[in-house]
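> One file is attached below, work.txt, containing compact mmCIF, C-alpha atoms.
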```txt
# COMPACT_ATOMS: atom_id res chain seq x y z
CA MET A 148 0.00 0.00 0.00
CA LYS A 149 1.13 3.54 -0.73
CA ARG A 150 1.22 7.02 0.72
CA ILE A 151 -1.04 9.05 -1.58
CA LEU A 152 -1.19 12.85 -1.60
CA LEU A 153 -4.25 14.47 -3.20
CA ILE A 154 -3.75 17.97 -4.61
CA HIS A 155 -6.69 20.21 -5.48
CA GLY A 156 -7.02 22.59 -8.40
CA ALA A 157 -7.61 26.34 -8.61
CA CYS A 158 -10.02 27.99 -6.16
CA HIS A 159 -10.42 24.74 -4.23
CA ASP A 160 -8.91 23.25 -1.10
CA HIS A 161 -8.57 19.82 0.50
CA TRP A 162 -12.35 19.54 1.02
CA CYS A 163 -12.96 18.57 -2.60
CA TRP A 164 -11.43 15.14 -1.92
CA HIS A 165 -13.66 14.37 1.08
CA ALA A 166 -15.42 11.45 -0.63
CA THR A 167 -12.24 10.03 -2.20
CA VAL A 168 -10.06 9.88 0.90
CA PRO A 169 -12.03 7.21 2.81
CA LEU A 170 -12.36 5.04 -0.30
CA LEU A 171 -8.58 4.97 -0.74
CA GLU A 172 -8.04 4.47 2.98
CA ALA A 173 -10.34 1.45 2.80
CA GLN A 174 -7.85 -0.05 0.35
CA GLY A 175 -5.13 0.33 2.98
CA HIS A 176 -3.43 3.45 1.61
CA ASP A 177 -2.04 6.27 3.75
CA VAL A 178 -3.94 9.22 2.24
CA LEU A 179 -3.69 12.95 2.80
CA ALA A 180 -5.51 15.75 0.97
CA LEU A 181 -3.42 18.91 1.14
CA ASP A 182 -4.11 22.63 0.94
CA MET A 183 -1.81 24.47 -1.41
CA PRO A 184 -0.35 27.85 -0.35
CA GLY A 185 -2.65 30.84 -0.21
CA ARG A 186 -5.71 29.37 1.46
CA GLY A 187 -6.85 28.44 4.92
CA ASN A 188 -4.76 30.11 7.61
CA ASP A 189 -1.86 30.91 5.29
CA THR A 190 -1.01 34.54 5.98
CA ARG A 191 1.76 34.91 3.39
CA ASP A 192 1.50 37.63 0.77
CA PRO A 193 -0.24 35.95 -2.20
CA ALA A 194 1.80 38.06 -4.62
CA ALA A 195 4.98 36.44 -3.31
CA LEU A 196 3.87 32.81 -3.64
CA THR A 197 5.59 30.57 -6.18
CA LEU A 198 5.44 27.06 -7.58
CA ALA A 199 8.37 26.29 -5.28
CA ASP A 200 6.03 26.97 -2.36
CA HIS A 201 3.60 24.40 -3.78
CA ALA A 202 6.45 21.91 -4.16
CA GLU A 203 7.63 22.53 -0.60
CA THR A 204 4.14 21.89 0.80
CA ILE A 205 3.82 18.62 -1.11
CA LEU A 206 7.30 17.34 -0.39
CA GLY A 207 6.90 18.17 3.29
CA ALA A 208 4.07 15.62 3.40
CA ALA A 209 5.63 13.02 1.08
CA GLY A 210 7.79 11.26 3.64
CA ASP A 211 10.12 8.78 1.99
CA GLY A 212 8.02 8.87 -1.17
CA ALA A 213 4.42 9.22 -2.28
CA VAL A 214 2.06 8.90 -5.20
CA LEU A 215 1.11 12.47 -6.13
CA VAL A 216 -2.39 13.04 -7.52
CA GLY A 217 -3.15 16.44 -9.02
CA HIS A 218 -6.52 17.70 -10.24
CA SER A 219 -6.80 20.47 -12.82
CA ALA A 220 -4.32 23.25 -11.87
CA GLY A 221 -2.88 20.80 -9.34
CA GLY A 222 -1.04 19.24 -12.26
CA PHE A 223 1.42 22.13 -12.11
CA SER A 224 1.77 21.67 -8.34
CA ILE A 225 2.67 17.97 -8.51
CA SER A 226 4.96 18.60 -11.48
CA ALA A 227 6.85 21.25 -9.53
CA ALA A 228 7.22 18.84 -6.61
CA ALA A 229 8.49 16.02 -8.83
CA GLN A 230 10.97 18.38 -10.48
CA ALA A 231 12.28 19.49 -7.09
CA ALA A 232 12.67 15.98 -5.67
CA PRO A 233 11.98 13.25 -8.24
CA GLU A 234 13.10 10.55 -5.80
CA LYS A 235 10.07 11.38 -3.62
CA ALA A 236 7.53 11.12 -6.44
CA LEU A 237 6.70 7.43 -6.84
CA HIS A 238 4.12 8.17 -9.52
CA LEU A 239 2.35 11.27 -10.83
CA ILE A 240 -1.38 10.93 -11.51
CA TYR A 241 -3.03 13.78 -13.42
CA VAL A 242 -6.83 13.93 -13.03
CA ALA A 243 -8.31 16.16 -15.75
CA ALA A 244 -5.18 18.12 -14.99
CA LEU A 245 -2.61 20.33 -16.62
CA LEU A 246 0.42 18.24 -17.54
CA PRO A 247 2.99 20.91 -18.42
CA GLN A 248 5.98 20.99 -20.68
CA ASP A 249 9.17 22.84 -19.80
CA GLY A 250 8.59 26.60 -19.92
CA ASP A 251 4.79 26.45 -19.74
CA THR A 252 2.72 28.76 -17.60
CA LEU A 253 -0.66 27.72 -16.30
CA VAL A 254 -2.32 30.77 -17.83
CA GLY A 255 -0.76 30.04 -21.22
CA LYS A 256 -1.70 26.38 -21.06
CA MET A 257 -5.35 27.17 -20.38
CA ARG A 258 -5.44 29.66 -23.26
CA SER A 259 -4.19 26.99 -25.66
CA PHE A 260 -7.17 24.67 -25.10
CA GLU A 261 -10.16 24.22 -27.36
CA ALA A 262 -12.82 25.28 -24.83
CA LYS A 263 -14.70 28.34 -26.04
CA GLU A 264 -16.60 28.97 -22.81
CA ARG A 265 -15.50 28.74 -19.20
CA PRO A 266 -16.85 29.98 -15.88
CA ARG A 267 -16.41 33.65 -15.16
CA PHE A 268 -13.85 34.86 -12.63
CA ARG A 269 -13.84 37.86 -10.37
CA ARG A 270 -11.02 39.56 -8.53
CA ALA A 271 -10.42 38.64 -4.91
CA GLY A 272 -8.17 41.44 -3.73
CA THR A 273 -5.30 42.68 -5.85
CA ASP A 274 -3.36 39.41 -6.22
CA ALA A 275 -5.99 36.66 -6.40
CA TYR A 276 -9.16 35.60 -8.21
CA ILE A 277 -12.15 33.38 -7.50
CA PHE A 278 -14.74 31.63 -9.65
CA ASP A 279 -18.00 33.54 -9.96
CA PRO A 280 -20.50 31.04 -8.48
CA GLU A 281 -23.17 32.23 -10.89
CA GLY A 282 -23.06 29.78 -13.77
CA ALA A 283 -19.90 27.94 -12.67
CA ALA A 284 -21.44 24.60 -11.71
CA PRO A 285 -22.18 23.35 -15.26
CA PHE A 286 -18.50 23.76 -16.16
CA LEU A 287 -16.86 22.61 -12.95
CA TYR A 288 -19.26 20.01 -11.60
CA ASN A 289 -21.30 18.56 -14.45
CA GLY A 290 -22.43 15.07 -13.53
CA ALA A 291 -22.62 15.85 -9.82
CA THR A 292 -25.97 16.32 -8.09
CA GLU A 293 -27.27 19.81 -7.46
CA ALA A 294 -26.61 19.36 -3.75
CA GLU A 295 -23.02 18.24 -4.36
CA ALA A 296 -22.37 21.13 -6.72
CA ALA A 297 -23.85 23.63 -4.27
CA ALA A 298 -21.66 22.27 -1.46
CA ALA A 299 -18.59 22.53 -3.68
CA LEU A 300 -19.38 26.14 -4.59
CA ASP A 301 -19.70 26.92 -0.89
CA HIS A 302 -16.10 25.75 -0.47
CA ILE A 303 -14.41 27.68 -3.28
CA VAL A 304 -11.65 30.01 -2.13
CA PRO A 305 -9.52 32.80 -3.63
CA GLU A 306 -6.64 31.62 -5.79
CA PRO A 307 -3.30 33.51 -5.85
CA ASN A 308 -2.39 34.72 -9.34
CA ALA A 309 1.39 34.58 -9.13
CA PRO A 310 2.05 30.81 -9.43
CA HIS A 311 -0.25 30.65 -12.47
CA GLN A 312 1.88 33.17 -14.30
CA GLU A 313 5.22 31.55 -13.48
CA GLU A 314 7.10 29.49 -16.07
CA ILE A 315 7.71 25.96 -14.84
CA ARG A 316 11.17 24.50 -15.43
CA LEU A 317 11.21 20.74 -16.00
CA GLU A 318 14.36 18.69 -16.44
CA PRO A 319 15.26 15.01 -17.09
CA GLY A 320 14.66 14.05 -13.46
CA PHE A 321 11.02 15.02 -13.88
CA ASP A 322 10.77 13.25 -17.22
CA ALA A 323 11.86 9.98 -15.59
CA VAL A 324 9.08 9.96 -12.99
CA PRO A 325 6.26 7.52 -13.98
CA LYS A 326 3.10 9.32 -15.03
CA SER A 327 -0.53 8.41 -15.59
CA TYR A 328 -3.37 10.57 -16.85
CA ILE A 329 -7.04 10.11 -15.96
CA ARG A 330 -8.94 11.75 -18.80
CA CYS A 331 -12.47 12.89 -17.98
CA THR A 332 -14.31 12.43 -21.24
CA GLU A 333 -17.29 14.72 -20.45
CA ASP A 334 -15.16 17.59 -19.15
CA ARG A 335 -16.45 21.08 -20.01
CA MET A 336 -13.49 22.88 -18.45
CA ILE A 337 -10.55 21.14 -20.13
CA PRO A 338 -11.76 19.39 -23.29
CA ALA A 339 -11.07 15.66 -23.55
CA ALA A 340 -9.07 16.21 -26.75
CA ASP A 341 -6.72 18.55 -24.91
CA GLN A 342 -6.39 16.08 -22.06
CA GLU A 343 -5.51 13.35 -24.54
CA ARG A 344 -2.88 15.56 -26.16
CA MET A 345 -1.26 16.44 -22.83
CA ALA A 346 -1.13 12.78 -21.82
CA ALA A 347 0.59 11.89 -25.09
CA GLN A 348 3.06 14.77 -24.89
CA GLY A 349 3.89 13.87 -21.31
CA LYS A 350 4.31 10.17 -22.10
CA ALA A 351 1.68 9.33 -19.49
CA ALA A 352 -0.34 6.13 -19.48
CA ARG A 353 -3.95 7.14 -20.12
CA TYR A 354 -7.12 5.99 -18.40
CA ASP A 355 -10.62 7.28 -19.11
CA LEU A 356 -13.53 8.14 -16.82
CA ALA A 357 -16.90 9.09 -18.30
CA THR A 358 -17.28 12.11 -16.01
CA GLY A 359 -17.10 15.86 -16.01
CA HIS A 360 -14.24 17.93 -14.65
CA SER A 361 -14.66 16.92 -10.99
CA PRO A 362 -14.91 13.12 -10.68
CA PHE A 363 -14.23 13.36 -6.94
CA LEU A 364 -17.83 14.60 -6.75
CA SER A 365 -19.58 12.83 -9.60
CA ASP A 366 -17.84 9.42 -9.42
CA PRO A 367 -15.59 9.14 -6.36
CA ARG A 368 -15.72 5.34 -6.43
CA GLY A 369 -14.61 5.15 -10.03
CA LEU A 370 -11.88 7.70 -9.40
CA ALA A 371 -10.64 5.97 -6.25
CA ALA A 372 -10.59 2.61 -8.03
CA LEU A 373 -8.37 4.02 -10.79
CA ILE A 374 -6.04 5.79 -8.36
CA HIS A 375 -5.73 2.55 -6.36
CA ARG A 376 -5.02 0.55 -9.49
CA ILE A 377 -2.30 2.94 -10.63
CA ALA A 378 -0.79 3.31 -7.17
CA GLU A 379 -0.53 -0.44 -6.73
CA SER A 380 1.38 -0.66 -10.00
CA SER A 381 3.95 1.93 -8.83
```
Please render this file's structure as C-alpha cells.

Amino acid sequence: MKRILLIHGACHDHWCWHATVPLLEAQGHDVLALDMPGRGNDTRDPAALTLADHAETILGAAGDGAVLVGHSAGGFSISAAAQAAPEKALHLIYVAALLPQDGDTLVGKMRSFEAKERPRFRRAGTDAYIFDPEGAAPFLYNGATEAEAAAALDHIVPEPNAPHQEEIRLEPGFDAVPKSYIRCTEDRMIPAADQERMAAQGKAARYDLATGHSPFLSDPRGLAALIHRIAESS
C-alpha cells in the first residue's frame, strides 16, 4: 500500500477530496488531501507565492516517497514537486489536470485549449481571483448532483495569481518519474481532446472516466478505483 497525496485545483482546497479519501483508505493506503499555499490560515503575501512553495508543501508531506495526484491546476503543483525531488515522487497521476511541458505557464496552457466557454472569474483582492459562483457549476461540476455542486461552490476560495503566471522548469529528473493521466471524457473545463494531447506529450499512461471535470464529486468510487489501481502498480 502507498502514501497518496491528493492535490486540489484552482479555487479549491482539500475539502474537494472528502469522498475520495475514505475510499482509498479502505484499500489500505495512507492518504492525505493537502491545501496548497494561499488558502486556509496561510497569511503569506499571495503576490509572493511561487510554484516552489507548492512543491515545498507537497514534499513536506511526502515522507520517503508518495504517489502524487493532481486535479486540474494541481497538475502544475505535482509537477513542480516532482521536479524538485523526483526521488520522492513514486508516480504522478493527473486527473483532468494540466500536464505541463518545460517553460509552460498555467495561464498560457489554459489559453491553448479548445474550450470556447468557461466559468467567469472575479477579482479577490489585488493578487488573487475566485470563480463567480453564478453559472460555474455546469463547467466545474457537471455530472454531480445539485446538492453536491452547491456544497462545492460553498467551499471555493480565492486563488493567488502569481504561481499561475510563473514558467515551470522541467528537467530530465522530472521526465523519468512515472506518469498516468485520468482523462475525464465529459469535461467542459478542459476538453477531452486537450487532455488526450497532454497525456501523449507527457508520455503518461492514459485511463478514461466518463465524467465531467470533478470526478471526486460525480464518481468518487470510479476515481478511487483508478487511483488505487495505478498506485498499486507503482
> Report as JSON lines the residues of range 223-245 of chain A within 7 Å of range 329-353 of chain A, each with its shortest atom pair and distance in Å (one decimal), using only C-alpha atoms, ordered by chain and increasing residue number.

```
{"residue": "A:Tyr241", "atom": "CA", "partner": "A:Ile329", "partner_atom": "CA", "distance": 6.0}
{"residue": "A:Val242", "atom": "CA", "partner": "A:Ile329", "partner_atom": "CA", "distance": 4.8}
{"residue": "A:Ala243", "atom": "CA", "partner": "A:Arg330", "partner_atom": "CA", "distance": 5.4}
```
> Calculate how many Å separate CA of Pro266 in chain A from CA of Arg368 in chain A, rounding to one decimal.
26.4 Å
> What's the separation between CA of Gly221 in chain A and CA of Leu153 in chain A, in Å to one decimal place?
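These two atoms are separated by 8.9 Å.
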> Neighbouring residues of Ser365 in chain A were defined as those with any atom within 12 Å, considering only C-alpha atoms; residues of the same chain fewer than 4 positions away were excluded. Please report them as a list of chain:residue names.
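The contact residues come out as A:Cys163, A:Trp164, A:Ala166, A:Thr167, A:Leu287, A:Tyr288, A:Asn289, A:Gly290, A:Ala291, A:Thr292, A:Glu293, A:Ala294, A:Glu295, A:Ala296, A:Ala299, A:Cys331, A:Glu333, A:Asp334, A:Leu356, A:Ala357, A:Thr358, A:Gly359, A:His360, A:Ser361, A:Gly369, A:Leu370, A:Ala371.
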> Please measure the separation of CA of Ile154 in chain A and CA of Gly217 in chain A, giving the value in Å to one decimal.
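A separation of 4.7 Å between them.
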> Measuring between all atoms listed in the file, which one of A:Leu239, A:Glu314, A:Glu234, A:Gly272 shows the shortest distance to Lys256 in chain A?
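Among the listed residues, A:Glu314 lies closest to Lys256 in chain A.
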> Just want the 9 Å neighbourhood of Val178 in chain A, counted on only C-alpha atoms, with same-chain residues fewer than 6 positions away dropped. Output as a list of chain:residue names.
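Residues near the query, excluding close chain neighbours: A:Lys149, A:Arg150, A:Ile151, A:Leu152, A:Leu153, A:Val168, A:Pro169, A:Leu171, A:Glu172.
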> Between A:Ala209, A:Ile303, A:Ala378, A:Leu373, single out the one closest to His161 in chain A, counting all atoms listed in the file.
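Among A:Ala209, A:Ile303, A:Ala378, A:Leu373, it is A:Ile303 that comes nearest to His161 in chain A.
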> Please provide the set of residues having any atom within 6 Å of Phe268 in chain A, restricted to all atoms listed in the file, with same-chain residues fewer than 3 positions apart removed, written as a PyMOL selection string.
chain A and resi 277-279
> Considering only C-alpha atoms, state which residue in the set A:Trp162, A:Tyr354, A:Tyr276, A:Phe286 is at the smallest distance from His302 in chain A.
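Closest candidate: A:Trp162.
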> Using all atoms listed in the file, pick whichever of A:Arg186, A:His218, A:Arg191, A:His165 has the shortest atom-to-atom distance to Leu246 in chain A.
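Among the listed residues, the smallest separation from Leu246 in chain A belongs to A:His218.
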> Nearest residue to Glu313 in chain A out of A:Gly222, A:Gly250, A:Gly185, A:Gly207, using all atoms listed in the file?
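Closest to Glu313 in chain A, using all atoms listed in the file: A:Gly250.
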> Given the block above, output range 198-212 of chain A with N, CA, C and O atoms as a PDB file, in the first residue's frame.

```pdb
ATOM      1  N   LEU A 198       5.585  28.512  -7.427  1.00  0.00           N
ATOM      2  CA  LEU A 198       5.437  27.064  -7.581  1.00  0.00           C
ATOM      3  C   LEU A 198       6.358  26.317  -6.621  1.00  0.00           C
ATOM      4  O   LEU A 198       6.049  25.196  -6.199  1.00  0.00           O
ATOM      5  N   ALA A 199       7.485  26.915  -6.265  1.00  0.00           N
ATOM      6  CA  ALA A 199       8.374  26.290  -5.284  1.00  0.00           C
ATOM      7  C   ALA A 199       7.675  26.144  -3.934  1.00  0.00           C
ATOM      8  O   ALA A 199       7.921  25.180  -3.198  1.00  0.00           O
ATOM      9  N   ASP A 200       6.803  27.085  -3.596  1.00  0.00           N
ATOM     10  CA  ASP A 200       6.032  26.969  -2.360  1.00  0.00           C
ATOM     11  C   ASP A 200       5.068  25.786  -2.435  1.00  0.00           C
ATOM     12  O   ASP A 200       4.871  25.070  -1.447  1.00  0.00           O
ATOM     13  N   HIS A 201       4.454  25.575  -3.595  1.00  0.00           N
ATOM     14  CA  HIS A 201       3.603  24.397  -3.781  1.00  0.00           C
ATOM     15  C   HIS A 201       4.431  23.127  -3.599  1.00  0.00           C
ATOM     16  O   HIS A 201       4.014  22.191  -2.902  1.00  0.00           O
ATOM     17  N   ALA A 202       5.585  23.092  -4.241  1.00  0.00           N
ATOM     18  CA  ALA A 202       6.450  21.909  -4.158  1.00  0.00           C
ATOM     19  C   ALA A 202       6.854  21.641  -2.714  1.00  0.00           C
ATOM     20  O   ALA A 202       6.836  20.490  -2.253  1.00  0.00           O
ATOM     21  N   GLU A 203       7.199  22.688  -1.991  1.00  0.00           N
ATOM     22  CA  GLU A 203       7.626  22.527  -0.600  1.00  0.00           C
ATOM     23  C   GLU A 203       6.505  21.938   0.252  1.00  0.00           C
ATOM     24  O   GLU A 203       6.739  21.055   1.091  1.00  0.00           O
ATOM     25  N   THR A 204       5.278  22.410   0.048  1.00  0.00           N
ATOM     26  CA  THR A 204       4.135  21.886   0.803  1.00  0.00           C
ATOM     27  C   THR A 204       3.936  20.401   0.532  1.00  0.00           C
ATOM     28  O   THR A 204       3.719  19.600   1.453  1.00  0.00           O
ATOM     29  N   ILE A 205       4.024  20.021  -0.735  1.00  0.00           N
ATOM     30  CA  ILE A 205       3.817  18.622  -1.108  1.00  0.00           C
ATOM     31  C   ILE A 205       4.943  17.741  -0.585  1.00  0.00           C
ATOM     32  O   ILE A 205       4.700  16.692   0.033  1.00  0.00           O
ATOM     33  N   LEU A 206       6.161  18.168  -0.793  1.00  0.00           N
ATOM     34  CA  LEU A 206       7.301  17.342  -0.390  1.00  0.00           C
ATOM     35  C   LEU A 206       7.394  17.224   1.123  1.00  0.00           C
ATOM     36  O   LEU A 206       7.865  16.208   1.653  1.00  0.00           O
ATOM     37  N   GLY A 207       6.910  18.243   1.846  1.00  0.00           N
ATOM     38  CA  GLY A 207       6.897  18.166   3.291  1.00  0.00           C
ATOM     39  C   GLY A 207       5.981  17.083   3.823  1.00  0.00           C
ATOM     40  O   GLY A 207       6.143  16.626   4.958  1.00  0.00           O
ATOM     41  N   ALA A 208       5.007  16.664   2.994  1.00  0.00           N
ATOM     42  CA  ALA A 208       4.075  15.618   3.399  1.00  0.00           C
ATOM     43  C   ALA A 208       4.378  14.269   2.744  1.00  0.00           C
ATOM     44  O   ALA A 208       3.699  13.283   3.031  1.00  0.00           O
ATOM     45  N   ALA A 209       5.380  14.225   1.879  1.00  0.00           N
ATOM     46  CA  ALA A 209       5.628  13.024   1.075  1.00  0.00           C
ATOM     47  C   ALA A 209       6.385  11.936   1.817  1.00  0.00           C
ATOM     48  O   ALA A 209       6.414  10.787   1.349  1.00  0.00           O
ATOM     49  N   GLY A 210       7.009  12.266   2.931  1.00  0.00           N
ATOM     50  CA  GLY A 210       7.785  11.257   3.644  1.00  0.00           C
ATOM     51  C   GLY A 210       8.907  10.729   2.776  1.00  0.00           C
ATOM     52  O   GLY A 210       9.588  11.480   2.078  1.00  0.00           O
ATOM     53  N   ASP A 211       9.075   9.405   2.791  1.00  0.00           N
ATOM     54  CA  ASP A 211      10.124   8.782   1.985  1.00  0.00           C
ATOM     55  C   ASP A 211       9.736   8.654   0.520  1.00  0.00           C
ATOM     56  O   ASP A 211      10.563   8.296  -0.315  1.00  0.00           O
ATOM     57  N   GLY A 212       8.483   8.954   0.211  1.00  0.00           N
ATOM     58  CA  GLY A 212       8.023   8.870  -1.167  1.00  0.00           C
ATOM     59  C   GLY A 212       6.522   8.678  -1.210  1.00  0.00           C
ATOM     60  O   GLY A 212       5.941   8.007  -0.342  1.00  0.00           O
TER      61      GLY A 212
END
```
